[in-house]
Amino acid sequence: MWSAAQPDNHTMAENRRILIIQGHPDVTENHLGHDLAHAYAAAATSAGHQVRTATPAQLDFPLLRSQKEWESGPLPSGLQKAQDDIAWAQHLVLFFPLWMGDMPALLKGFLEQVARPGFAFRPEEGSPFGQKGLAGRSARVVVTMGMPALVYRFYFRAHSVKSLERNILGFVGIAPIRETLIGLVDQLGEDGRAKWLARMATLGRRAG
């Protein structure tokens, strides 16, 4: 069933529906990515935006193992609310740490499960890309990493983030997609953390 409702276009000054996807696989300890997401969410809520959160590490779902399962298998019941929240949202904000040059496997598995045919897109005759089911939504990708962000962006060309933006988010119609890369996280210190938390709060207020 074609279930992803098309949201109304909103300007940055208007209240928006925001879904924060917390992609850190470790929920037993507090990490910088958690603090960044909390700062964003708190500021967005105080500015009048509606905020929901999906945390894949707290959800029960298996990894997909075949194309057939992805195309025609049932969505795991533990992911129905997350998929409903994606349909509800006008703006998605993904937070995750860079692990081995990419997003953590748990987050990738989550995105594979929820971005299914009939929801995130549907086949369209004459088009190799199909009809994009999540058009009208925007996104921000916030990535923390141990290396300098400039090294990742210019030497490694931010390849994994670009792949996420182009091959997953962009493929299903999400645009524009903006990114925030935070490097040298182990060397930030209190002042550095405070600076980034303040930046997230600013983005949250703007739903940016």
# chains A, B, ... in the order shown; residues from 1 in each chain; ligands from 1
>>> closest_atom_pairs(of="range 91-123 of chain A", to="range 28-45 of chain A", cutoff="9 Å", atoms="only C-alpha atoms", output="JSON lines")
{"residue": "A:Val93", "atom": "CA", "partner": "A:Ala37", "partner_atom": "CA", "distance": 8.6}
{"residue": "A:Leu94", "atom": "CA", "partner": "A:Ala37", "partner_atom": "CA", "distance": 8.7}
{"residue": "A:Phe95", "atom": "CA", "partner": "A:Gly33", "partner_atom": "CA", "distance": 6.2}
{"residue": "A:Phe96", "atom": "CA", "partner": "A:Gly33", "partner_atom": "CA", "distance": 6.5}
{"residue": "A:Pro97", "atom": "CA", "partner": "A:Gly33", "partner_atom": "CA", "distance": 7.1}
>>> residues_around(residues="range 180-186 of chain A", least_positions_apart="6", cutoff="9 Å", atoms="only C-alpha atoms", output="ChimeraX atom specification")
/A:32,140-153,192-193,196
>>> atom_distance(atom1="CA of Leu59 in chain A", atom2="CA of Ile168 in chain A")
20.4 Å
>>> closest_residue(among="A:Trp99, A:Phe110, A:Phe121, A:Trp70", to="Phe171 in chain A", atoms="only C-alpha atoms")
A:Phe121
>>> closest_atom_pairs(of="range 51-93 of chain A", to="range 13-20 of chain A", cutoff="8 Å", atoms="only C-alpha atoms", output="Markdown table")
| residue | atom | partner | partner_atom | distance |
| --- | --- | --- | --- | --- |
| A:Val51 | CA | A:Ile18 | CA | 4.8 |
| A:Arg52 | CA | A:Leu19 | CA | 4.9 |
| A:Thr53 | CA | A:Ile20 | CA | 4.7 |
| A:Ala54 | CA | A:Ile20 | CA | 6.2 |
| A:Asp85 | CA | A:Leu19 | CA | 6.8 |
| A:Ile86 | CA | A:Leu19 | CA | 6.8 |
| A:Trp88 | CA | A:Arg17 | CA | 7.2 |
| A:Ala89 | CA | A:Arg17 | CA | 4.9 |
| A:Gln90 | CA | A:Arg17 | CA | 5.2 |
| A:His91 | CA | A:Ile18 | CA | 4.8 |
| A:Leu92 | CA | A:Leu19 | CA | 4.9 |
| A:Val93 | CA | A:Ile20 | CA | 4.8 |
>>> select_by_dssp(residues="range 22-194 of chain A", states="strand (DSSP E or B)", output="PyMOL selection string")
chain A and resi 22+50-54+91-97+99+102+117+121-124+127-132+138-144+177-182
>>> residues_around(residues="Leu79 in chain A", least_positions_apart="6", cutoff="12 Å", atoms="only C-alpha atoms", output="PDB file with all heavy atoms, in the first residue's frame")
ATOM      1  N   ALA A  54      13.501   7.967  16.845  1.00  0.00           N
ATOM      2  CA  ALA A  54      13.638   6.533  16.590  1.00  0.00           C
ATOM      3  C   ALA A  54      15.068   6.132  16.937  1.00  0.00           C
ATOM      4  O   ALA A  54      16.018   6.775  16.482  1.00  0.00           O
ATOM      5  CB  ALA A  54      13.335   6.207  15.127  1.00  0.00           C
ATOM      6  N   THR A  55      15.203   5.079  17.719  1.00  0.00           N
ATOM      7  CA  THR A  55      16.523   4.601  18.141  1.00  0.00           C
ATOM      8  C   THR A  55      16.656   3.137  17.720  1.00  0.00           C
ATOM      9  O   THR A  55      16.163   2.247  18.421  1.00  0.00           O
ATOM     10  CB  THR A  55      16.703   4.737  19.665  1.00  0.00           C
ATOM     11  OG1 THR A  55      16.463   6.090  20.048  1.00  0.00           O
ATOM     12  CG2 THR A  55      18.126   4.352  20.081  1.00  0.00           C
ATOM     13  N   PRO A  56      17.271   2.867  16.566  1.00  0.00           N
ATOM     14  CA  PRO A  56      17.372   1.494  16.084  1.00  0.00           C
ATOM     15  C   PRO A  56      17.949   0.516  17.104  1.00  0.00           C
ATOM     16  O   PRO A  56      17.534  -0.646  17.155  1.00  0.00           O
ATOM     17  CB  PRO A  56      18.278   1.624  14.855  1.00  0.00           C
ATOM     18  CG  PRO A  56      17.972   2.999  14.338  1.00  0.00           C
ATOM     19  CD  PRO A  56      17.765   3.836  15.570  1.00  0.00           C
ATOM     20  N   ALA A  57      18.883   0.967  17.932  1.00  0.00           N
ATOM     21  CA  ALA A  57      19.507   0.071  18.911  1.00  0.00           C
ATOM     22  C   ALA A  57      18.524  -0.412  19.969  1.00  0.00           C
ATOM     23  O   ALA A  57      18.794  -1.390  20.665  1.00  0.00           O
ATOM     24  CB  ALA A  57      20.695   0.762  19.579  1.00  0.00           C
ATOM     25  N   GLN A  58      17.388   0.256  20.096  1.00  0.00           N
ATOM     26  CA  GLN A  58      16.370  -0.147  21.064  1.00  0.00           C
ATOM     27  C   GLN A  58      15.218  -0.909  20.416  1.00  0.00           C
ATOM     28  O   GLN A  58      14.262  -1.274  21.099  1.00  0.00           O
ATOM     29  CB  GLN A  58      15.832   1.090  21.788  1.00  0.00           C
ATOM     30  CG  GLN A  58      16.867   1.803  22.642  1.00  0.00           C
ATOM     31  CD  GLN A  58      16.320   3.056  23.290  1.00  0.00           C
ATOM     32  OE1 GLN A  58      15.369   3.664  22.795  1.00  0.00           O
ATOM     33  NE2 GLN A  58      16.909   3.462  24.399  1.00  0.00           N
ATOM     34  N   LEU A  59      15.315  -1.149  19.114  1.00  0.00           N
ATOM     35  CA  LEU A  59      14.244  -1.811  18.382  1.00  0.00           C
ATOM     36  C   LEU A  59      14.627  -3.247  18.050  1.00  0.00           C
ATOM     37  O   LEU A  59      15.803  -3.580  17.882  1.00  0.00           O
ATOM     38  CB  LEU A  59      13.934  -1.042  17.099  1.00  0.00           C
ATOM     39  CG  LEU A  59      13.536   0.432  17.297  1.00  0.00           C
ATOM     40  CD1 LEU A  59      13.324   1.111  15.946  1.00  0.00           C
ATOM     41  CD2 LEU A  59      12.291   0.551  18.152  1.00  0.00           C
ATOM     42  N   ASP A  60      13.616  -4.087  17.944  1.00  0.00           N
ATOM     43  CA  ASP A  60      13.837  -5.509  17.669  1.00  0.00           C
ATOM     44  C   ASP A  60      13.542  -5.778  16.195  1.00  0.00           C
ATOM     45  O   ASP A  60      12.393  -5.708  15.755  1.00  0.00           O
ATOM     46  CB  ASP A  60      12.919  -6.353  18.561  1.00  0.00           C
ATOM     47  CG  ASP A  60      13.121  -7.850  18.351  1.00  0.00           C
ATOM     48  OD1 ASP A  60      14.198  -8.235  17.853  1.00  0.00           O
ATOM     49  OD2 ASP A  60      12.192  -8.624  18.668  1.00  0.00           O
ATOM     50  N   PHE A  61      14.598  -6.064  15.419  1.00  0.00           N
ATOM     51  CA  PHE A  61      14.404  -6.382  14.008  1.00  0.00           C
ATOM     52  C   PHE A  61      15.597  -7.199  13.509  1.00  0.00           C
ATOM     53  O   PHE A  61      16.722  -7.013  13.967  1.00  0.00           O
ATOM     54  CB  PHE A  61      14.240  -5.111  13.162  1.00  0.00           C
ATOM     55  CG  PHE A  61      15.436  -4.203  13.162  1.00  0.00           C
ATOM     56  CD1 PHE A  61      16.414  -4.321  12.181  1.00  0.00           C
ATOM     57  CD2 PHE A  61      15.595  -3.233  14.138  1.00  0.00           C
ATOM     58  CE1 PHE A  61      17.525  -3.480  12.166  1.00  0.00           C
ATOM     59  CE2 PHE A  61      16.697  -2.387  14.135  1.00  0.00           C
ATOM     60  CZ  PHE A  61      17.655  -2.510  13.151  1.00  0.00           C
ATOM     61  N   PRO A  62      15.363  -8.091  12.548  1.00  0.00           N
ATOM     62  CA  PRO A  62      16.454  -8.859  11.959  1.00  0.00           C
ATOM     63  C   PRO A  62      17.065  -8.123  10.779  1.00  0.00           C
ATOM     64  O   PRO A  62      16.479  -7.162  10.260  1.00  0.00           O
ATOM     65  CB  PRO A  62      15.754 -10.138  11.485  1.00  0.00           C
ATOM     66  CG  PRO A  62      14.390  -9.644  11.071  1.00  0.00           C
ATOM     67  CD  PRO A  62      14.039  -8.536  12.042  1.00  0.00           C
ATOM     68  N   ASP A  85       6.509   6.959  11.790  1.00  0.00           N
ATOM     69  CA  ASP A  85       7.096   8.251  12.150  1.00  0.00           C
ATOM     70  C   ASP A  85       7.816   8.890  10.963  1.00  0.00           C
ATOM     71  O   ASP A  85       7.830  10.123  10.823  1.00  0.00           O
ATOM     72  CB  ASP A  85       8.067   8.075  13.325  1.00  0.00           C
ATOM     73  CG  ASP A  85       7.349   7.847  14.642  1.00  0.00           C
ATOM     74  OD1 ASP A  85       6.134   8.118  14.722  1.00  0.00           O
ATOM     75  OD2 ASP A  85       8.005   7.391  15.602  1.00  0.00           O
ATOM     76  N   ILE A  86       8.418   8.072  10.120  1.00  0.00           N
ATOM     77  CA  ILE A  86       9.045   8.604   8.908  1.00  0.00           C
ATOM     78  C   ILE A  86       7.988   9.199   7.992  1.00  0.00           C
ATOM     79  O   ILE A  86       8.166  10.287   7.418  1.00  0.00           O
ATOM     80  CB  ILE A  86       9.846   7.500   8.189  1.00  0.00           C
ATOM     81  CG1 ILE A  86      11.070   7.091   9.024  1.00  0.00           C
ATOM     82  CG2 ILE A  86      10.287   7.960   6.795  1.00  0.00           C
ATOM     83  CD1 ILE A  86      11.790   5.868   8.496  1.00  0.00           C
ATOM     84  N   GLY A 109      21.157  -1.572   8.626  1.00  0.00           N
ATOM     85  CA  GLY A 109      20.114  -2.594   8.630  1.00  0.00           C
ATOM     86  C   GLY A 109      18.732  -2.005   8.876  1.00  0.00           C
ATOM     87  O   GLY A 109      17.740  -2.455   8.283  1.00  0.00           O
ATOM     88  N   PHE A 110      18.658  -1.012   9.732  1.00  0.00           N
ATOM     89  CA  PHE A 110      17.397  -0.334  10.012  1.00  0.00           C
ATOM     90  C   PHE A 110      16.863   0.355   8.750  1.00  0.00           C
ATOM     91  O   PHE A 110      15.687   0.221   8.400  1.00  0.00           O
ATOM     92  CB  PHE A 110      17.618   0.685  11.135  1.00  0.00           C
ATOM     93  CG  PHE A 110      16.496   1.664  11.329  1.00  0.00           C
ATOM     94  CD1 PHE A 110      15.381   1.330  12.082  1.00  0.00           C
ATOM     95  CD2 PHE A 110      16.571   2.948  10.788  1.00  0.00           C
ATOM     96  CE1 PHE A 110      14.351   2.250  12.275  1.00  0.00           C
ATOM     97  CE2 PHE A 110      15.560   3.866  10.975  1.00  0.00           C
ATOM     98  CZ  PHE A 110      14.440   3.517  11.724  1.00  0.00           C
ATOM     99  N   LEU A 111      17.744   1.093   8.071  1.00  0.00           N
ATOM    100  CA  LEU A 111      17.325   1.806   6.866  1.00  0.00           C
ATOM    101  C   LEU A 111      16.902   0.836   5.768  1.00  0.00           C
ATOM    102  O   LEU A 111      15.942   1.101   5.029  1.00  0.00           O
ATOM    103  CB  LEU A 111      18.447   2.723   6.377  1.00  0.00           C
ATOM    104  CG  LEU A 111      18.819   3.874   7.319  1.00  0.00           C
ATOM    105  CD1 LEU A 111      20.046   4.619   6.797  1.00  0.00           C
ATOM    106  CD2 LEU A 111      17.654   4.827   7.499  1.00  0.00           C
ATOM    107  N   GLU A 112      17.603  -0.282   5.641  1.00  0.00           N
ATOM    108  CA  GLU A 112      17.212  -1.281   4.648  1.00  0.00           C
ATOM    109  C   GLU A 112      15.810  -1.808   4.938  1.00  0.00           C
ATOM    110  O   GLU A 112      15.023  -2.032   4.011  1.00  0.00           O
ATOM    111  CB  GLU A 112      18.210  -2.443   4.654  1.00  0.00           C
ATOM    112  CG  GLU A 112      19.565  -2.099   4.064  1.00  0.00           C
ATOM    113  CD  GLU A 112      20.552  -3.244   4.180  1.00  0.00           C
ATOM    114  OE1 GLU A 112      20.214  -4.253   4.845  1.00  0.00           O
ATOM    115  OE2 GLU A 112      21.649  -3.127   3.609  1.00  0.00           O
ATOM    116  N   GLN A 113      15.500  -2.004   6.209  1.00  0.00           N
ATOM    117  CA  GLN A 113      14.190  -2.556   6.563  1.00  0.00           C
ATOM    118  C   GLN A 113      13.063  -1.564   6.316  1.00  0.00           C
ATOM    119  O   GLN A 113      12.010  -1.928   5.768  1.00  0.00           O
ATOM    120  CB  GLN A 113      14.186  -2.979   8.042  1.00  0.00           C
ATOM    121  CG  GLN A 113      14.873  -4.302   8.334  1.00  0.00           C
ATOM    122  CD  GLN A 113      13.966  -5.489   7.997  1.00  0.00           C
ATOM    123  OE1 GLN A 113      12.945  -5.350   7.300  1.00  0.00           O
ATOM    124  NE2 GLN A 113      14.344  -6.665   8.465  1.00  0.00           N
ATOM    125  N   VAL A 114      13.261  -0.313   6.729  1.00  0.00           N
ATOM    126  CA  VAL A 114      12.131   0.626   6.638  1.00  0.00           C
ATOM    127  C   VAL A 114      11.949   1.196   5.229  1.00  0.00           C
ATOM    128  O   VAL A 114      10.834   1.564   4.857  1.00  0.00           O
ATOM    129  CB  VAL A 114      12.283   1.780   7.659  1.00  0.00           C
ATOM    130  CG1 VAL A 114      12.246   1.237   9.078  1.00  0.00           C
ATOM    131  CG2 VAL A 114      13.542   2.598   7.421  1.00  0.00           C
ATOM    132  N   ALA A 115      13.024   1.266   4.445  1.00  0.00           N
ATOM    133  CA  ALA A 115      12.930   1.865   3.105  1.00  0.00           C
ATOM    134  C   ALA A 115      12.537   0.803   2.080  1.00  0.00           C
ATOM    135  O   ALA A 115      13.285   0.484   1.163  1.00  0.00           O
ATOM    136  CB  ALA A 115      14.252   2.527   2.719  1.00  0.00           C
ATOM    137  N   ARG A 116      11.347   0.286   2.222  1.00  0.00           N
ATOM    138  CA  ARG A 116      10.891  -0.822   1.385  1.00  0.00           C
ATOM    139  C   ARG A 116      10.052  -0.330   0.210  1.00  0.00           C
ATOM    140  O   ARG A 116       9.443   0.746   0.260  1.00  0.00           O
ATOM    141  CB  ARG A 116      10.046  -1.793   2.218  1.00  0.00           C
ATOM    142  CG  ARG A 116      10.860  -2.648   3.188  1.00  0.00           C
ATOM    143  CD  ARG A 116       9.933  -3.392   4.119  1.00  0.00           C
ATOM    144  NE  ARG A 116      10.658  -4.310   4.977  1.00  0.00           N
ATOM    145  CZ  ARG A 116      10.676  -5.630   4.799  1.00  0.00           C
ATOM    146  NH1 ARG A 116      10.037  -6.167   3.781  1.00  0.00           N
ATOM    147  NH2 ARG A 116      11.343  -6.399   5.635  1.00  0.00           N
TER     148      ARG A 116
END
>>> closest_residue(among="A:Arg178, A:Lys68, A:Lys132, A:Arg166", to="Leu203 in chain A", atoms="only C-alpha atoms")
A:Arg178
>>> select_by_dssp(residues="range 17-130 of chain A", states="alpha helix (DSSP H)", output="number ranges by chain")
A: 32-46, 67-72, 80-88, 105-114
>>> write_last_selection(atoms="C-alpha atoms", output="mmCIF file, in the first residue's frame")
data_model
loop_
_atom_site.group_PDB
_atom_site.id
_atom_site.type_symbol
_atom_site.label_atom_id
_atom_site.label_comp_id
_atom_site.auth_asym_id
_atom_site.auth_seq_id
_atom_site.Cartn_x
_atom_site.Cartn_y
_atom_site.Cartn_z
ATOM 1 C CA LEU A 32 28.558 12.731 22.109
ATOM 2 C CA GLY A 33 26.014 11.797 19.460
ATOM 3 C CA HIS A 34 23.366 11.344 22.145
ATOM 4 C CA ASP A 35 24.102 14.753 23.644
ATOM 5 C CA LEU A 36 23.987 16.366 20.202
ATOM 6 C CA ALA A 37 20.607 14.806 19.462
ATOM 7 C CA HIS A 38 19.246 15.863 22.855
ATOM 8 C CA ALA A 39 20.409 19.445 22.302
ATOM 9 C CA TYR A 40 18.758 19.518 18.869
ATOM 10 C CA ALA A 41 15.521 17.989 20.163
ATOM 11 C CA ALA A 42 15.252 20.258 23.202
ATOM 12 C CA ALA A 43 15.789 23.415 21.157
ATOM 13 C CA ALA A 44 13.383 22.278 18.437
ATOM 14 C CA THR A 45 10.682 21.496 20.985
ATOM 15 C CA SER A 46 11.143 24.825 22.756
ATOM 16 C CA GLN A 67 15.909 -9.330 -2.238
ATOM 17 C CA LYS A 68 12.706 -11.355 -2.054
ATOM 18 C CA GLU A 69 12.406 -10.698 1.666
ATOM 19 C CA TRP A 70 12.964 -6.978 1.112
ATOM 20 C CA GLU A 71 10.442 -6.720 -1.723
ATOM 21 C CA SER A 72 7.617 -8.903 -0.427
ATOM 22 C CA GLN A 80 6.090 -0.263 12.271
ATOM 23 C CA LYS A 81 6.137 2.786 14.536
ATOM 24 C CA ALA A 82 9.473 3.928 13.090
ATOM 25 C CA GLN A 83 8.082 3.667 9.571
ATOM 26 C CA ASP A 84 4.930 5.517 10.634
ATOM 27 C CA ASP A 85 7.096 8.251 12.150
ATOM 28 C CA ILE A 86 9.045 8.604 8.908
ATOM 29 C CA ALA A 87 5.761 9.028 7.030
ATOM 30 C CA TRP A 88 4.668 11.621 9.633
ATOM 31 C CA ALA A 105 25.798 -1.782 10.519
ATOM 32 C CA LEU A 106 22.784 -1.576 12.816
ATOM 33 C CA LEU A 107 21.728 1.754 11.327
ATOM 34 C CA LYS A 108 22.246 0.438 7.794
ATOM 35 C CA GLY A 109 20.114 -2.594 8.630
ATOM 36 C CA PHE A 110 17.397 -0.334 10.012
ATOM 37 C CA LEU A 111 17.325 1.806 6.866
ATOM 38 C CA GLU A 112 17.212 -1.281 4.648
ATOM 39 C CA GLN A 113 14.190 -2.556 6.563
ATOM 40 C CA VAL A 114 12.131 0.626 6.638
#
>>> atom_distance(atom1="CA of Met200 in chain A", atom2="CA of Ile21 in chain A")
14.4 Å
>>> residues_around(residues="Gly101 in chain A", least_positions_apart="3", cutoff="10 Å", atoms="only C-alpha atoms", output="list in words")
Pro97, Leu98, Pro104, Met145, Tyr152, Phe156, Ala158, His159, Ser160 and Val161 of chain A
>>> write_last_selection(atoms="all heavy atoms", output="PDB file, in the first residue's frame")
ATOM      1  N   PRO A  97      27.900   7.737  14.616  1.00  0.00           N
ATOM      2  CA  PRO A  97      29.360   7.823  14.580  1.00  0.00           C
ATOM      3  C   PRO A  97      29.898   7.120  13.339  1.00  0.00           C
ATOM      4  O   PRO A  97      29.289   6.149  12.850  1.00  0.00           O
ATOM      5  CB  PRO A  97      29.780   7.071  15.849  1.00  0.00           C
ATOM      6  CG  PRO A  97      28.720   6.023  16.007  1.00  0.00           C
ATOM      7  CD  PRO A  97      27.437   6.638  15.485  1.00  0.00           C
ATOM      8  N   LEU A  98      30.991   7.610  12.825  1.00  0.00           N
ATOM      9  CA  LEU A  98      31.635   6.952  11.688  1.00  0.00           C
ATOM     10  C   LEU A  98      32.399   5.738  12.207  1.00  0.00           C
ATOM     11  O   LEU A  98      33.310   5.868  13.030  1.00  0.00           O
ATOM     12  CB  LEU A  98      32.593   7.927  11.003  1.00  0.00           C
ATOM     13  CG  LEU A  98      33.100   7.534   9.618  1.00  0.00           C
ATOM     14  CD1 LEU A  98      31.969   7.596   8.600  1.00  0.00           C
ATOM     15  CD2 LEU A  98      34.247   8.443   9.195  1.00  0.00           C
ATOM     16  N   PRO A 104      27.282   2.763  11.220  1.00  0.00           N
ATOM     17  CA  PRO A 104      27.237   1.460  11.883  1.00  0.00           C
ATOM     18  C   PRO A 104      26.275   0.508  11.177  1.00  0.00           C
ATOM     19  O   PRO A 104      25.253   0.932  10.613  1.00  0.00           O
ATOM     20  CB  PRO A 104      26.751   1.804  13.293  1.00  0.00           C
ATOM     21  CG  PRO A 104      27.173   3.222  13.506  1.00  0.00           C
ATOM     22  CD  PRO A 104      27.005   3.870  12.157  1.00  0.00           C
ATOM     23  N   MET A 145      33.253  11.648  14.344  1.00  0.00           N
ATOM     24  CA  MET A 145      34.364  10.796  13.913  1.00  0.00           C
ATOM     25  C   MET A 145      35.639  11.158  14.653  1.00  0.00           C
ATOM     26  O   MET A 145      35.768  12.265  15.196  1.00  0.00           O
ATOM     27  CB  MET A 145      34.580  10.952  12.401  1.00  0.00           C
ATOM     28  CG  MET A 145      34.977  12.351  11.960  1.00  0.00           C
ATOM     29  SD  MET A 145      34.859  12.592  10.165  1.00  0.00           S
ATOM     30  CE  MET A 145      33.077  12.627   9.937  1.00  0.00           C
ATOM     31  N   TYR A 152      38.317  13.720   6.268  1.00  0.00           N
ATOM     32  CA  TYR A 152      37.248  12.845   5.780  1.00  0.00           C
ATOM     33  C   TYR A 152      36.550  13.455   4.559  1.00  0.00           C
ATOM     34  O   TYR A 152      36.257  12.767   3.592  1.00  0.00           O
ATOM     35  CB  TYR A 152      36.236  12.594   6.891  1.00  0.00           C
ATOM     36  CG  TYR A 152      35.064  11.747   6.468  1.00  0.00           C
ATOM     37  CD1 TYR A 152      35.226  10.402   6.142  1.00  0.00           C
ATOM     38  CD2 TYR A 152      33.786  12.292   6.374  1.00  0.00           C
ATOM     39  CE1 TYR A 152      34.151   9.629   5.741  1.00  0.00           C
ATOM     40  CE2 TYR A 152      32.710  11.532   5.979  1.00  0.00           C
ATOM     41  CZ  TYR A 152      32.901  10.198   5.656  1.00  0.00           C
ATOM     42  OH  TYR A 152      31.834   9.432   5.250  1.00  0.00           O
ATOM     43  N   PHE A 156      39.037  11.624   1.857  1.00  0.00           N
ATOM     44  CA  PHE A 156      38.181  10.454   1.627  1.00  0.00           C
ATOM     45  C   PHE A 156      36.902  10.823   0.875  1.00  0.00           C
ATOM     46  O   PHE A 156      36.095   9.953   0.573  1.00  0.00           O
ATOM     47  CB  PHE A 156      37.827   9.789   2.960  1.00  0.00           C
ATOM     48  CG  PHE A 156      39.003   9.150   3.642  1.00  0.00           C
ATOM     49  CD1 PHE A 156      39.632   9.773   4.709  1.00  0.00           C
ATOM     50  CD2 PHE A 156      39.499   7.930   3.211  1.00  0.00           C
ATOM     51  CE1 PHE A 156      40.722   9.204   5.337  1.00  0.00           C
ATOM     52  CE2 PHE A 156      40.590   7.341   3.825  1.00  0.00           C
ATOM     53  CZ  PHE A 156      41.206   7.975   4.891  1.00  0.00           C
ATOM     54  N   ALA A 158      34.256  12.086   1.817  1.00  0.00           N
ATOM     55  CA  ALA A 158      33.029  11.802   2.576  1.00  0.00           C
ATOM     56  C   ALA A 158      32.193  10.731   1.876  1.00  0.00           C
ATOM     57  O   ALA A 158      30.964  10.842   1.763  1.00  0.00           O
ATOM     58  CB  ALA A 158      32.224  13.082   2.775  1.00  0.00           C
ATOM     59  N   HIS A 159      32.874   9.678   1.415  1.00  0.00           N
ATOM     60  CA  HIS A 159      32.239   8.721   0.503  1.00  0.00           C
ATOM     61  C   HIS A 159      31.020   8.044   1.108  1.00  0.00           C
ATOM     62  O   HIS A 159      29.988   7.871   0.443  1.00  0.00           O
ATOM     63  CB  HIS A 159      33.261   7.663   0.056  1.00  0.00           C
ATOM     64  CG  HIS A 159      33.855   6.901   1.199  1.00  0.00           C
ATOM     65  ND1 HIS A 159      33.322   5.733   1.655  1.00  0.00           N
ATOM     66  CD2 HIS A 159      34.923   7.172   1.986  1.00  0.00           C
ATOM     67  CE1 HIS A 159      34.045   5.288   2.682  1.00  0.00           C
ATOM     68  NE2 HIS A 159      35.025   6.146   2.895  1.00  0.00           N
ATOM     69  N   SER A 160      31.087   7.642   2.378  1.00  0.00           N
ATOM     70  CA  SER A 160      29.953   6.926   2.957  1.00  0.00           C
ATOM     71  C   SER A 160      28.770   7.845   3.197  1.00  0.00           C
ATOM     72  O   SER A 160      27.613   7.450   2.989  1.00  0.00           O
ATOM     73  CB  SER A 160      30.375   6.256   4.267  1.00  0.00           C
ATOM     74  OG  SER A 160      30.889   7.208   5.185  1.00  0.00           O
ATOM     75  N   VAL A 161      29.031   9.083   3.611  1.00  0.00           N
ATOM     76  CA  VAL A 161      27.939  10.033   3.803  1.00  0.00           C
ATOM     77  C   VAL A 161      27.304  10.381   2.460  1.00  0.00           C
ATOM     78  O   VAL A 161      26.071  10.458   2.337  1.00  0.00           O
ATOM     79  CB  VAL A 161      28.431  11.305   4.517  1.00  0.00           C
ATOM     80  CG1 VAL A 161      27.346  12.377   4.540  1.00  0.00           C
ATOM     81  CG2 VAL A 161      28.860  10.976   5.943  1.00  0.00           C
TER      82      VAL A 161
END
>>> closest_residue(among="A:Pro117, A:Leu169, A:Leu164, A:Phe154", to="Ala135 in chain A", atoms="only C-alpha atoms")
A:Leu169
